[in-house]
>>> print(open('entry-v8.pdb').read())   # PDB, C-alpha atoms
ATOM      1  CA  MET A 603     -13.066 -15.563  -1.167
ATOM      2  CA  HIS A 604     -11.085 -12.860   0.605
ATOM      3  CA  ASP A 605     -12.245 -14.364   3.923
ATOM      4  CA  ALA A 606      -9.589 -17.052   3.623
ATOM      5  CA  PHE A 607      -6.924 -14.365   3.830
ATOM      6  CA  VAL A 608      -8.257 -12.115   6.584
ATOM      7  CA  ASP A 609      -5.414 -12.937   8.984
ATOM      8  CA  LEU A 610      -2.869 -12.503   6.222
ATOM      9  CA  ARG A 611      -4.288  -9.081   5.375
ATOM     10  CA  GLU A 612      -4.194  -7.964   8.995
ATOM     11  CA  ASP A 613      -0.603  -9.153   9.457
ATOM     12  CA  LEU A 614       0.583  -7.533   6.226
ATOM     13  CA  LEU A 615      -1.028  -4.217   7.153
ATOM     14  CA  ARG A 616       0.336  -4.335  10.696
ATOM     15  CA  ALA A 617       3.794  -5.006   9.272
ATOM     16  CA  GLY A 618       3.528  -1.768   7.295
ATOM     17  CA  VAL A 619       2.895  -3.118   3.791
ATOM     18  CA  SER A 620       0.983  -0.468   1.861
ATOM     19  CA  PRO A 621      -2.802  -1.056   1.732
ATOM     20  CA  ARG A 622      -2.800  -0.869  -2.061
ATOM     21  CA  ARG A 623      -0.113  -3.555  -2.305
ATOM     22  CA  VAL A 624      -1.978  -5.752   0.185
ATOM     23  CA  ARG A 625      -5.235  -5.367  -1.738
ATOM     24  CA  ARG A 626      -3.594  -6.361  -4.992
ATOM     25  CA  TYR A 627      -1.751  -9.321  -3.433
ATOM     26  CA  LEU A 628      -4.930 -10.676  -1.831
ATOM     27  CA  ARG A 629      -6.922 -10.207  -5.013
ATOM     28  CA  GLU A 630      -4.322 -12.174  -6.935
ATOM     29  CA  LEU A 631      -4.273 -14.912  -4.294
ATOM     30  CA  SER A 632      -8.066 -15.079  -4.260
ATOM     31  CA  ASP A 633      -8.275 -15.317  -8.041
ATOM     32  CA  HIS A 634      -5.514 -17.913  -8.048
ATOM     33  CA  ARG A 635      -7.423 -19.928  -5.476
ATOM     34  CA  ALA A 636     -10.635 -19.654  -7.497
ATOM     35  CA  ASP A 637      -8.796 -20.948 -10.572
ATOM     36  CA  LEU A 638      -7.344 -23.816  -8.538
ATOM     37  CA  ILE A 639     -10.749 -24.773  -7.140
ATOM     38  CA  GLU A 640     -12.253 -24.815 -10.631
ATOM     39  CA  HIS A 641      -9.373 -26.919 -11.905
ATOM     40  CA  LEU A 642      -9.560 -29.400  -9.016
ATOM     41  CA  GLN A 643     -13.337 -29.738  -9.297
ATOM     42  CA  ALA A 644     -12.927 -30.425 -13.007
ATOM     43  CA  GLN A 645     -10.571 -33.227 -11.976
ATOM     44  CA  GLY A 646     -13.299 -34.777  -9.827
ATOM     45  CA  HIS A 647     -12.658 -33.296  -6.380
ATOM     46  CA  THR A 648     -15.648 -32.286  -4.298
ATOM     47  CA  ARG A 649     -16.049 -28.570  -3.570
ATOM     48  CA  GLN A 650     -14.838 -29.077   0.001
ATOM     49  CA  GLN A 651     -11.790 -31.090  -1.061
ATOM     50  CA  ALA A 652     -10.969 -28.553  -3.746
ATOM     51  CA  GLU A 653     -11.167 -25.659  -1.287
ATOM     52  CA  GLN A 654      -8.845 -27.362   1.185
ATOM     53  CA  GLU A 655      -6.415 -28.515  -1.494
ATOM     54  CA  SER A 656      -6.294 -25.020  -2.998
ATOM     55  CA  LEU A 657      -5.289 -23.548   0.354
ATOM     56  CA  ASP A 658      -2.583 -26.200   0.777
ATOM     57  CA  ARG A 659      -1.215 -25.499  -2.669
ATOM     58  CA  LEU A 660      -1.158 -21.742  -2.185
ATOM     59  CA  GLY A 661       0.958 -22.072   0.945
ATOM     60  CA  SER A 662       0.711 -21.563   4.673
ATOM     61  CA  HIS A 663       0.075 -18.209   6.313
ATOM     62  CA  ASP A 664       3.787 -17.651   7.032
ATOM     63  CA  THR A 665       4.827 -18.808   3.570
ATOM     64  CA  LEU A 666       2.605 -16.154   2.049
ATOM     65  CA  LEU A 667       3.466 -13.493   4.614
ATOM     66  CA  LEU A 668       7.256 -13.582   4.871
ATOM     67  CA  PRO A 669       8.209 -12.939   1.213
ATOM     68  CA  MET A 670       6.114  -9.770   1.261
ATOM     69  CA  LEU A 671       7.870  -8.578   4.399
ATOM     70  CA  ALA A 672      11.289  -9.394   2.963
ATOM     71  CA  ASP A 673      11.115  -6.592   0.406
ATOM     72  CA  SER A 674      11.190  -3.330   2.339
ATOM     73  CA  ARG A 675      10.051  -1.433  -0.761
ATOM     74  CA  PHE A 676       6.547  -2.803  -0.201
ATOM     75  CA  ARG A 677       6.309  -0.863   3.056
ATOM     76  CA  SER A 678       4.196   2.261   2.881
ATOM     77  CA  MET A 679       5.603   5.724   3.432
ATOM     78  CA  ALA A 680       3.436   5.953   6.540
ATOM     79  CA  ALA A 681       5.056   2.824   7.981
ATOM     80  CA  ARG A 682       8.538   4.202   7.345
ATOM     81  CA  TRP A 683       7.949   7.734   8.603
ATOM     82  CA  PRO A 684       4.792   7.680  10.764
ATOM     83  CA  ALA A 685       5.512  10.973  12.521
ATOM     84  CA  LEU A 686       5.985  12.741   9.217
ATOM     85  CA  VAL A 687       2.841  11.322   7.609
ATOM     86  CA  TYR A 688       0.417  11.341  10.539
ATOM     87  CA  LEU A 689       1.663  14.473  12.325
ATOM     88  CA  GLY A 690       3.841  16.527   9.983
ATOM     89  CA  LEU A 691       1.535  16.330   6.991
ATOM     90  CA  PRO A 692      -1.677  17.473   8.767
ATOM     91  CA  LEU A 693       0.215  20.279  10.499
ATOM     92  CA  ALA A 694       1.812  21.461   7.266
ATOM     93  CA  SER A 695      -1.552  21.230   5.501
ATOM     94  CA  GLN A 696      -3.264  23.303   8.208
ATOM     95  CA  ILE A 697      -0.575  25.985   8.017
ATOM     96  CA  MET A 698      -0.700  25.984   4.230
ATOM     97  CA  LEU A 699      -4.495  26.257   4.318
ATOM     98  CA  ALA A 700      -4.184  29.293   6.573
ATOM     99  CA  PHE A 701      -1.692  31.067   4.340
ATOM    100  CA  LEU A 702      -3.453  30.210   1.080
ATOM    101  CA  SER A 703      -6.852  31.311   2.326
ATOM    102  CA  ALA A 704      -5.371  34.534   3.748
ATOM    103  CA  ALA A 705      -3.631  35.164   0.418
ATOM    104  CA  ALA A 706      -6.914  34.547  -1.402
ATOM    105  CA  LEU A 707      -8.614  37.033   0.896
ATOM    106  CA  ILE A 708      -5.964  39.665   0.208
ATOM    107  CA  ALA A 709      -6.307  39.016  -3.520
ATOM    108  CA  ALA A 710     -10.101  39.362  -3.238
ATOM    109  CA  ALA A 711      -9.631  42.872  -1.830
ATOM    110  CA  SER A 712      -8.732  44.158  -5.290
ATOM    111  CA  THR A 713     -11.652  42.469  -7.042
ATOM    112  CA  PRO A 714     -15.410  43.136  -7.179
ATOM    113  CA  LEU A 715     -15.659  40.886  -4.069
ATOM    114  CA  ARG A 716     -14.212  43.716  -1.969
ATOM    115  CA  PRO A 717     -17.561  44.728  -0.384
ATOM    116  CA  ALA A 718     -18.053  41.170   0.870
ATOM    117  CA  LEU A 719     -14.587  40.979   2.427
ATOM    118  CA  ALA A 720     -15.850  40.866   6.012
ATOM    119  CA  ASP A 721     -18.112  37.913   5.203
ATOM    120  CA  LEU A 722     -15.297  36.220   3.336
ATOM    121  CA  GLY A 723     -13.108  36.695   6.424
ATOM    122  CA  SER A 724     -15.710  34.884   8.531
ATOM    123  CA  GLY A 725     -15.829  32.154   5.896
ATOM    124  CA  VAL A 726     -12.057  31.760   6.060
ATOM    125  CA  ALA A 727     -12.216  31.416   9.853
ATOM    126  CA  ILE A 728     -14.842  28.677   9.512
ATOM    127  CA  LEU A 729     -12.731  27.015   6.812
ATOM    128  CA  TRP A 730      -9.764  26.858   9.199
ATOM    129  CA  LEU A 731     -11.863  25.227  11.897
ATOM    130  CA  ALA A 732     -13.505  22.764   9.510
ATOM    131  CA  GLY A 733     -10.149  22.115   7.853
ATOM    132  CA  SER A 734      -8.560  21.152  11.154
ATOM    133  CA  VAL A 735     -11.331  18.633  11.869
ATOM    134  CA  ILE A 736     -11.130  17.143   8.365
ATOM    135  CA  LEU A 737      -7.332  16.875   8.539
ATOM    136  CA  SER A 738      -7.539  15.162  11.930
ATOM    137  CA  TRP A 739     -10.132  12.699  10.679
ATOM    138  CA  ALA A 740      -8.035  12.011   7.587
ATOM    139  CA  ALA A 741      -5.004  11.197   9.753
ATOM    140  CA  ILE A 742      -7.070   8.878  11.969
ATOM    141  CA  VAL A 743      -8.667   7.086   9.014
ATOM    142  CA  ALA A 744      -5.291   6.722   7.277
ATOM    143  CA  ALA A 745      -3.749   5.210  10.410
ATOM    144  CA  HIS A 746      -6.729   2.919  10.859
ATOM    145  CA  ARG A 747      -6.446   1.654   7.281
ATOM    146  CA  ARG A 748      -2.795   0.825   7.888
ATOM    147  CA  ARG A 749      -3.455  -0.700  11.326
ATOM    148  CA  ALA A 750      -0.963   1.844  12.639
ATOM    149  CA  SER A 751      -0.700   3.168  16.174
ATOM    150  CA  MET A 752      -3.083   6.063  16.876
ATOM    151  CA  ARG A 753      -0.418   7.947  18.830
ATOM    152  CA  TRP A 754       0.666  10.276  15.994
ATOM    153  CA  PRO A 755      -2.853  10.963  14.649
ATOM    154  CA  ILE A 756      -3.943  11.893  18.195
ATOM    155  CA  PHE A 757      -0.977  14.277  18.532
ATOM    156  CA  ALA A 758      -1.884  15.655  15.110
ATOM    157  CA  ALA A 759      -5.540  16.184  16.054
ATOM    158  CA  LEU A 760      -4.551  18.037  19.217
ATOM    159  CA  ALA A 761      -1.888  20.133  17.499
ATOM    160  CA  VAL A 762      -4.039  21.012  14.512
ATOM    161  CA  SER A 763      -6.984  21.872  16.784
ATOM    162  CA  GLY A 764      -4.671  24.065  18.861
ATOM    163  CA  ILE A 765      -3.437  25.934  15.811
ATOM    164  CA  ALA A 766      -6.947  26.323  14.362
ATOM    165  CA  ALA A 767      -8.307  27.612  17.674
ATOM    166  CA  ALA A 768      -5.362  29.994  18.044
ATOM    167  CA  MET A 769      -5.576  31.469  14.559
ATOM    168  CA  ASN A 770      -7.540  34.663  14.188
ATOM    169  CA  ILE A 771      -8.445  36.654  11.175
ATOM    170  CA  ASP A 772      -9.781  40.169  11.424
ATOM    171  CA  VAL A 773     -11.033  42.146   8.464
ATOM    172  CA  THR A 774     -11.518  45.902   8.850
ATOM    173  CA  MET A 775     -13.239  47.551   5.940
ATOM    174  CA  PRO A 776     -11.906  50.913   4.744
ATOM    175  CA  ILE A 777     -13.868  53.865   6.016
ATOM    176  CA  ALA A 778     -13.599  57.278   4.368
ATOM    177  CA  ASP A 779      -9.851  58.080   4.170
ATOM    178  CA  SER A 780      -8.593  55.239   6.357
ATOM    179  CA  HIS A 781      -7.320  52.023   4.793
ATOM    180  CA  GLY A 782      -8.900  48.681   5.483
ATOM    181  CA  GLU A 783      -6.937  45.936   7.233
ATOM    182  CA  ILE A 784      -6.703  42.179   7.081
ATOM    183  CA  ILE A 785      -5.006  40.944  10.246
ATOM    184  CA  LEU A 786      -3.864  37.364  10.574
ATOM    185  CA  ALA A 787      -2.789  36.567  14.137
ATOM    186  CA  LEU A 788      -1.990  33.694  16.459
ATOM    187  CA  THR A 789      -3.433  34.252  19.900
ATOM    188  CA  SER A 790      -3.864  32.148  22.980
ATOM    189  CA  PRO A 791      -6.855  29.906  22.185
ATOM    190  CA  ALA A 792     -10.012  30.177  24.253
ATOM    191  CA  PRO A 793     -10.555  26.957  26.227
ATOM    192  CA  LEU A 794     -14.082  26.188  25.056
ATOM    193  CA  PRO A 795     -13.437  26.354  21.287
ATOM    194  CA  LEU A 796     -10.186  24.459  21.816
ATOM    195  CA  VAL A 797     -11.812  21.624  23.756
ATOM    196  CA  THR A 798     -14.775  21.480  21.368
ATOM    197  CA  LEU A 799     -12.508  21.365  18.346
ATOM    198  CA  ALA A 800     -10.226  18.715  19.873
ATOM    199  CA  ALA A 801     -13.241  16.588  20.854
ATOM    200  CA  LEU A 802     -14.681  16.857  17.339
ATOM    201  CA  SER A 803     -11.315  16.014  15.824
ATOM    202  CA  LEU A 804     -10.954  12.897  17.946
ATOM    203  CA  LEU A 805     -14.557  11.802  17.419
ATOM    204  CA  PRO A 806     -13.755   8.991  14.936
ATOM    205  CA  LEU A 807     -11.808   7.216  17.684
ATOM    206  CA  LEU A 808     -15.087   6.546  19.481
ATOM    207  CA  PHE A 809     -16.438   4.687  16.494
ATOM    208  CA  ARG A 810     -14.936   2.043  14.254
ATOM    209  CA  PHE A 811     -11.739   3.958  13.615
ATOM    210  CA  GLY A 812     -10.263   3.339  17.044
ATOM    211  CA  PRO A 813      -7.115   1.250  17.545
ATOM    212  CA  ARG A 814      -7.600  -2.452  16.809
ATOM    213  CA  PRO A 815      -6.686  -5.006  19.432
ATOM    214  CA  THR A 816      -3.631  -7.071  18.596
ATOM    215  CA  PRO A 817      -4.572 -10.769  18.447
TER     216      PRO A 817
ATOM    217  CA  MET B1314      13.948 -42.873  -3.256
ATOM    218  CA  ALA B1315      12.618 -39.922  -5.193
ATOM    219  CA  PRO B1316      13.996 -36.583  -4.042
ATOM    220  CA  ALA B1317      11.705 -34.438  -1.933
ATOM    221  CA  PRO B1318       9.876 -31.700  -3.815
ATOM    222  CA  SER B1319      12.325 -28.927  -4.398
ATOM    223  CA  ALA B1320      12.084 -25.825  -2.288
ATOM    224  CA  PHE B1321      11.715 -22.711  -4.372
ATOM    225  CA  LEU B1322      15.455 -22.164  -4.631
ATOM    226  CA  ASN B1323      17.144 -18.791  -4.465
ATOM    227  CA  GLY B1324      17.552 -17.322  -7.934
ATOM    228  CA  VAL B1325      15.785 -20.216  -9.652
ATOM    229  CA  PRO B1326      12.256 -18.819  -9.521
ATOM    230  CA  GLU B1327      13.392 -15.519 -10.976
ATOM    231  CA  LEU B1328      15.142 -17.318 -13.807
ATOM    232  CA  LEU B1329      12.114 -19.482 -14.564
ATOM    233  CA  VAL B1330       9.669 -16.612 -14.392
ATOM    234  CA  LEU B1331      11.725 -14.421 -16.704
ATOM    235  CA  ARG B1332      12.272 -17.314 -19.116
ATOM    236  CA  LEU B1333       8.596 -18.209 -19.344
ATOM    237  CA  LEU B1334       7.385 -14.632 -19.549
ATOM    238  CA  ARG B1335       9.927 -13.933 -22.267
ATOM    239  CA  ASP B1336       7.759 -15.965 -24.655
ATOM    240  CA  ARG B1337       4.408 -14.420 -23.765
ATOM    241  CA  GLU B1338       2.641 -12.452 -21.059
ATOM    242  CA  MET B1339       0.848 -14.482 -18.373
ATOM    243  CA  TYR B1340      -1.052 -14.026 -15.135
ATOM    244  CA  GLY B1341       0.027 -15.690 -11.908
ATOM    245  CA  TYR B1342      -1.991 -18.899 -12.052
ATOM    246  CA  GLU B1343      -1.100 -19.408 -15.702
ATOM    247  CA  LEU B1344       2.568 -18.894 -14.897
ATOM    248  CA  VAL B1345       2.559 -21.441 -12.058
ATOM    249  CA  GLN B1346       0.934 -24.017 -14.344
ATOM    250  CA  ALA B1347       3.517 -23.218 -17.005
ATOM    251  CA  ILE B1348       6.346 -23.817 -14.500
ATOM    252  CA  ARG B1349       4.826 -27.133 -13.431
ATOM    253  CA  GLU B1350       4.370 -28.166 -17.023
ATOM    254  CA  ALA B1351       7.805 -27.054 -18.174
ATOM    255  CA  SER B1352       9.479 -28.873 -15.277
ATOM    256  CA  ALA B1353       7.288 -31.975 -15.597
ATOM    257  CA  ASP B1354       6.031 -31.345 -12.049
ATOM    258  CA  GLN B1355       9.563 -31.597 -10.661
ATOM    259  CA  LEU B1356       9.493 -28.026  -9.390
ATOM    260  CA  THR B1357       6.675 -27.717  -6.889
ATOM    261  CA  PHE B1358       6.374 -24.903  -4.414
ATOM    262  CA  ALA B1359       3.790 -22.946  -2.491
ATOM    263  CA  GLU B1360       2.047 -21.346  -5.431
ATOM    264  CA  GLY B1361       1.178 -18.125  -3.632
ATOM    265  CA  VAL B1362       4.840 -17.118  -3.323
ATOM    266  CA  ILE B1363       4.911 -16.422  -7.043
ATOM    267  CA  TYR B1364       3.161 -13.093  -6.374
ATOM    268  CA  PRO B1365       5.730 -11.477  -4.061
ATOM    269  CA  LEU B1366       8.344 -12.478  -6.629
ATOM    270  CA  LEU B1367       6.332 -10.971  -9.489
ATOM    271  CA  HIS B1368       5.765  -7.792  -7.492
ATOM    272  CA  THR B1369       9.487  -7.549  -6.729
ATOM    273  CA  LEU B1370      10.439  -8.027 -10.370
ATOM    274  CA  GLU B1371       7.880  -5.440 -11.390
ATOM    275  CA  ARG B1372       9.289  -3.043  -8.818
ATOM    276  CA  ASP B1373      12.770  -3.654 -10.236
ATOM    277  CA  GLY B1374      11.502  -2.747 -13.703
ATOM    278  CA  ALA B1375      12.044  -6.278 -15.019
ATOM    279  CA  LEU B1376       8.318  -6.840 -15.568
ATOM    280  CA  SER B1377       5.451  -4.687 -16.708
ATOM    281  CA  THR B1378       1.789  -5.327 -15.924
ATOM    282  CA  ARG B1379      -1.598  -4.743 -17.401
ATOM    283  CA  ARG B1380      -5.025  -5.571 -15.982
ATOM    284  CA  GLN B1381      -7.762  -7.362 -17.800
ATOM    285  CA  THR B1382     -11.095  -8.510 -16.423
ATOM    286  CA  ILE B1383     -12.088 -11.970 -17.589
ATOM    287  CA  ASN B1384     -15.235 -13.719 -16.296
ATOM    288  CA  GLY B1385     -15.469 -11.241 -13.437
ATOM    289  CA  ARG B1386     -11.874 -11.816 -12.354
ATOM    290  CA  SER B1387      -9.394  -9.018 -12.683
ATOM    291  CA  ARG B1388      -6.270 -10.642 -14.089
ATOM    292  CA  VAL B1389      -2.901  -8.965 -13.774
ATOM    293  CA  TYR B1390      -0.860  -9.947 -16.801
ATOM    294  CA  TYR B1391       2.906  -9.790 -16.475
ATOM    295  CA  ALA B1392       5.330  -9.274 -19.360
ATOM    296  CA  VAL B1393       9.121  -8.980 -19.536
ATOM    297  CA  THR B1394      10.569  -5.530 -20.164
ATOM    298  CA  PRO B1395      13.890  -4.850 -21.921
ATOM    299  CA  THR B1396      15.444  -4.568 -18.444
ATOM    300  CA  GLY B1397      13.981  -7.981 -17.636
ATOM    301  CA  ARG B1398      15.478  -9.460 -20.801
ATOM    302  CA  GLU B1399      18.914  -8.147 -19.846
ATOM    303  CA  ARG B1400      18.460  -9.534 -16.371
ATOM    304  CA  PHE B1401      17.431 -12.894 -17.770
ATOM    305  CA  ASP B1402      20.507 -13.031 -20.019
ATOM    306  CA  ALA B1403      22.783 -12.264 -17.071
ATOM    307  CA  LEU B1404      21.060 -14.783 -14.786
ATOM    308  CA  SER B1405      21.036 -17.412 -17.470
ATOM    309  CA  ALA B1406      24.768 -17.000 -18.147
ATOM    310  CA  HIS B1407      25.455 -17.173 -14.416
ATOM    311  CA  TRP B1408      23.324 -20.291 -14.071
ATOM    312  CA  ARG B1409      25.134 -22.029 -16.946
ATOM    313  CA  THR B1410      28.504 -21.207 -15.400
ATOM    314  CA  LEU B1411      27.302 -22.534 -12.070
ATOM    315  CA  THR B1412      25.868 -25.788 -13.430
ATOM    316  CA  GLY B1413      29.022 -26.271 -15.516
ATOM    317  CA  ALA B1414      31.164 -25.858 -12.422
ATOM    318  CA  ILE B1415      29.027 -28.278 -10.434
ATOM    319  CA  ALA B1416      29.129 -30.827 -13.259
ATOM    320  CA  THR B1417      32.923 -30.540 -13.324
ATOM    321  CA  VAL B1418      33.079 -31.197  -9.595
ATOM    322  CA  LEU B1419      30.731 -34.165  -9.830
ATOM    323  CA  GLU B1420      32.606 -35.723 -12.716
ATOM    324  CA  ALA B1421      36.112 -35.149 -11.322
ATOM    325  CA  PRO B1422      37.892 -38.313 -10.098
ATOM    326  CA  ARG B1423      37.907 -38.625  -6.322
ATOM    327  CA  HIS B1424      41.281 -38.469  -4.652
ATOM    328  CA  ALA B1425      42.070 -40.495  -1.588
TER     329      ALA B1425
END
>>> encode(input="entry-v8.pdb", output="structure tokens")
Amino acid sequence: MHDAFVDLREDLLRAGVSPRRVRRYLRELSDHRADLIEHLQAQGHTRQQAEQESLDRLGSHDTLLLPMLADSRFRSMAARWPALVYLGLPLASQIMLAFLSAAALIAAASTPLRPALADLGSGVAILWLAGSVILSWAAIVAAHRRRASMRWPIFAALAVSGIAAAMNIDVTMPIADSHGEIILALTSPAPLPLVTLAALSLLPLLFRFGPRPTP
Amino acid sequence: MAPAPSAFLNGVPELLVLRLLRDREMYGYELVQAIREASADQLTFAEGVIYPLLHTLERDGALSTRRQTINGRSRVYYAVTPTGRERFDALSAHWRTLTGAIATVLEAPRHA
């Protein structure tokens, strides 16, 4: 039943209406249409007549589209502030992930996990790399769902990959009288990890999450 | 000649929706049928536009919703909130003033 409203869905999403609002609107329209078809068939219409009549009674594409666009409160946050949502949010999340995991590592130094601190440090480094890829994919998928431009998610993927490749964590275990060290540093990223990470982050664009052609 | 089917006039749909939902909660299709019935089919409009209006009123706090699945269809039932009742009273008073004023104009003797 949703097939009857495919164009409407695409136009609503492209106009920035939140996906949840669009889903609910289309579900209500579809159920309304199903009720109308049942009612018209009970009145003696054929299935085909009832389907056509139900569409006529619901209203034309523009009649159903424009009232939803008239209320700006139906627009998603991502449509209002795309740079913030698709770029700012992944960047902030990556930075927060770095600080939280470093803090967790420092906290672990005063627990029974202390002997495994070097391994935990390696785990944190892997977490940063994996986190950057996941955040990039999330931004791309979110933009795809909203039929938004891929410009900001691509910037985000590159920026987040750059930060992840530049971040270094070094754990030195205490030896005899000398203290151990946990060093968190930003260094110039090595080209190979940077390119690999950026390519991985942008991978969804090669598949079904790429930009959709405008009809 | 009979007048053309009325367009869904500004302010009128809101008034009708709030009035009908004041009596009992309804889902969209039910509400459209109730409007047709209550107006003896004089108020016809593209039925799908009821939903943006319902969503707007819900967003304004004038309506509340609850979902119920019936025969595999997930119905969204709409009900008037206290804010909606206040809004209906204000709209209704405004509408009465307006129709009174129009009636006065229509009934006034024409001057040359």
>>> resolve_selection(input="entry-v8.pdb", expression="the PyMOL selection byres ((chain A and resi 608-622) around 12)", output="JSON, numbers by chain")
{"A": [603, 604, 605, 606, 607, 623, 624, 625, 626, 627, 628, 629, 631, 632, 661, 662, 663, 664, 665, 666, 667, 668, 669, 670, 671, 672, 673, 674, 675, 676, 677, 678, 679, 680, 681, 682, 683, 684, 744, 745, 746, 747, 748, 749, 750, 751, 813, 814, 815, 816, 817], "B": [1365]}
>>> resolve_selection(input="entry-v8.pdb", expression="the PyMOL selection byres ((chain B and resi 1381-1384) around 12)", output="VMD selection string")
(chain A and resid 633 636 to 637) or (chain B and resid 1339 to 1340 1378 to 1380 1385 to 1391)
>>> closest_residue(input="entry-v8.pdb", among="A:Leu719, A:Ala767, A:Ala801, A:Ala711", to="Ser738 of chain A", atoms="all atoms listed in the file")
A:Ala801
>>> resolve_selection(input="entry-v8.pdb", expression="the PyMOL selection byres ((chain A and resi 641) around 12)", output="MDAnalysis selection string")
(chainID A and resid 634:640 642:649 651:653 655:656) or (chainID B and resid 1342:1343 1346)
>>> residues_around(input="entry-v8.pdb", residues="segment 1323-1333 of chain B", least_positions_apart="6", cutoff="8 Å", atoms="only C-alpha atoms", output="ChimeraX atom specification")
/B:1344,1347-1348,1366,1393,1397-1398,1401,1404-1405
>>> residues_around(input="entry-v8.pdb", residues="Leu707 of chain A", least_positions_apart="2", cutoff="10 Å", atoms="only C-alpha atoms", output="PDB file with C-alpha atoms, in the coordinates of the input")
ATOM      1  CA  PHE A 701      -1.692  31.067   4.340  1.00  0.00           C
ATOM      2  CA  LEU A 702      -3.453  30.210   1.080  1.00  0.00           C
ATOM      3  CA  SER A 703      -6.852  31.311   2.326  1.00  0.00           C
ATOM      4  CA  ALA A 704      -5.371  34.534   3.748  1.00  0.00           C
ATOM      5  CA  ALA A 705      -3.631  35.164   0.418  1.00  0.00           C
ATOM      6  CA  ALA A 709      -6.307  39.016  -3.520  1.00  0.00           C
ATOM      7  CA  ALA A 710     -10.101  39.362  -3.238  1.00  0.00           C
ATOM      8  CA  ALA A 711      -9.631  42.872  -1.830  1.00  0.00           C
ATOM      9  CA  SER A 712      -8.732  44.158  -5.290  1.00  0.00           C
ATOM     10  CA  LEU A 715     -15.659  40.886  -4.069  1.00  0.00           C
ATOM     11  CA  ARG A 716     -14.212  43.716  -1.969  1.00  0.00           C
ATOM     12  CA  LEU A 719     -14.587  40.979   2.427  1.00  0.00           C
ATOM     13  CA  ALA A 720     -15.850  40.866   6.012  1.00  0.00           C
ATOM     14  CA  LEU A 722     -15.297  36.220   3.336  1.00  0.00           C
ATOM     15  CA  GLY A 723     -13.108  36.695   6.424  1.00  0.00           C
ATOM     16  CA  VAL A 726     -12.057  31.760   6.060  1.00  0.00           C
ATOM     17  CA  VAL A 773     -11.033  42.146   8.464  1.00  0.00           C
ATOM     18  CA  ILE A 784      -6.703  42.179   7.081  1.00  0.00           C
TER      19      ILE A 784
END
>>> atom_distance(input="entry-v8.pdb", atom1="atom CA of Phe757 of chain A", atom2="atom CA of Pro795 of chain A")
17.6 Å
>>> atom_distance(input="entry-v8.pdb", atom1="atom CA of Gly690 of chain A", atom2="atom CA of Leu731 of chain A")
18.1 Å
>>> closest_residue(input="entry-v8.pdb", among="B:Arg1400, B:Arg1335, B:Arg1372, B:Arg1349", to="chain A", atoms="all atoms listed in the file")
B:Arg1372
>>> closest_residue(input="entry-v8.pdb", among="A:Leu660, A:Ala766, A:Leu729, A:Leu693", to="chain B", atoms="only C-alpha atoms")
A:Leu660
>>> atom_distance(input="entry-v8.pdb", atom1="atom CA of Ile785 of chain A", atom2="atom CA of Ala761 of chain A")
22.3 Å
>>> closest_residue(input="entry-v8.pdb", among="B:Asp1336, B:Pro1395, B:Ala1421, B:Leu1411", to="Asp1373 of chain B", atoms="only C-alpha atoms")
B:Pro1395
>>> closest_residue(input="entry-v8.pdb", among="B:Gly1361, B:Ala1406, B:Ala1351, B:Glu1338", to="chain A", atoms="all atoms listed in the file")
B:Gly1361
>>> closest_residue(input="entry-v8.pdb", among="A:Ser724, A:Thr774, A:Gln650, A:Ser763", to="Pro791 of chain A", atoms="all atoms listed in the file")
A:Ser763
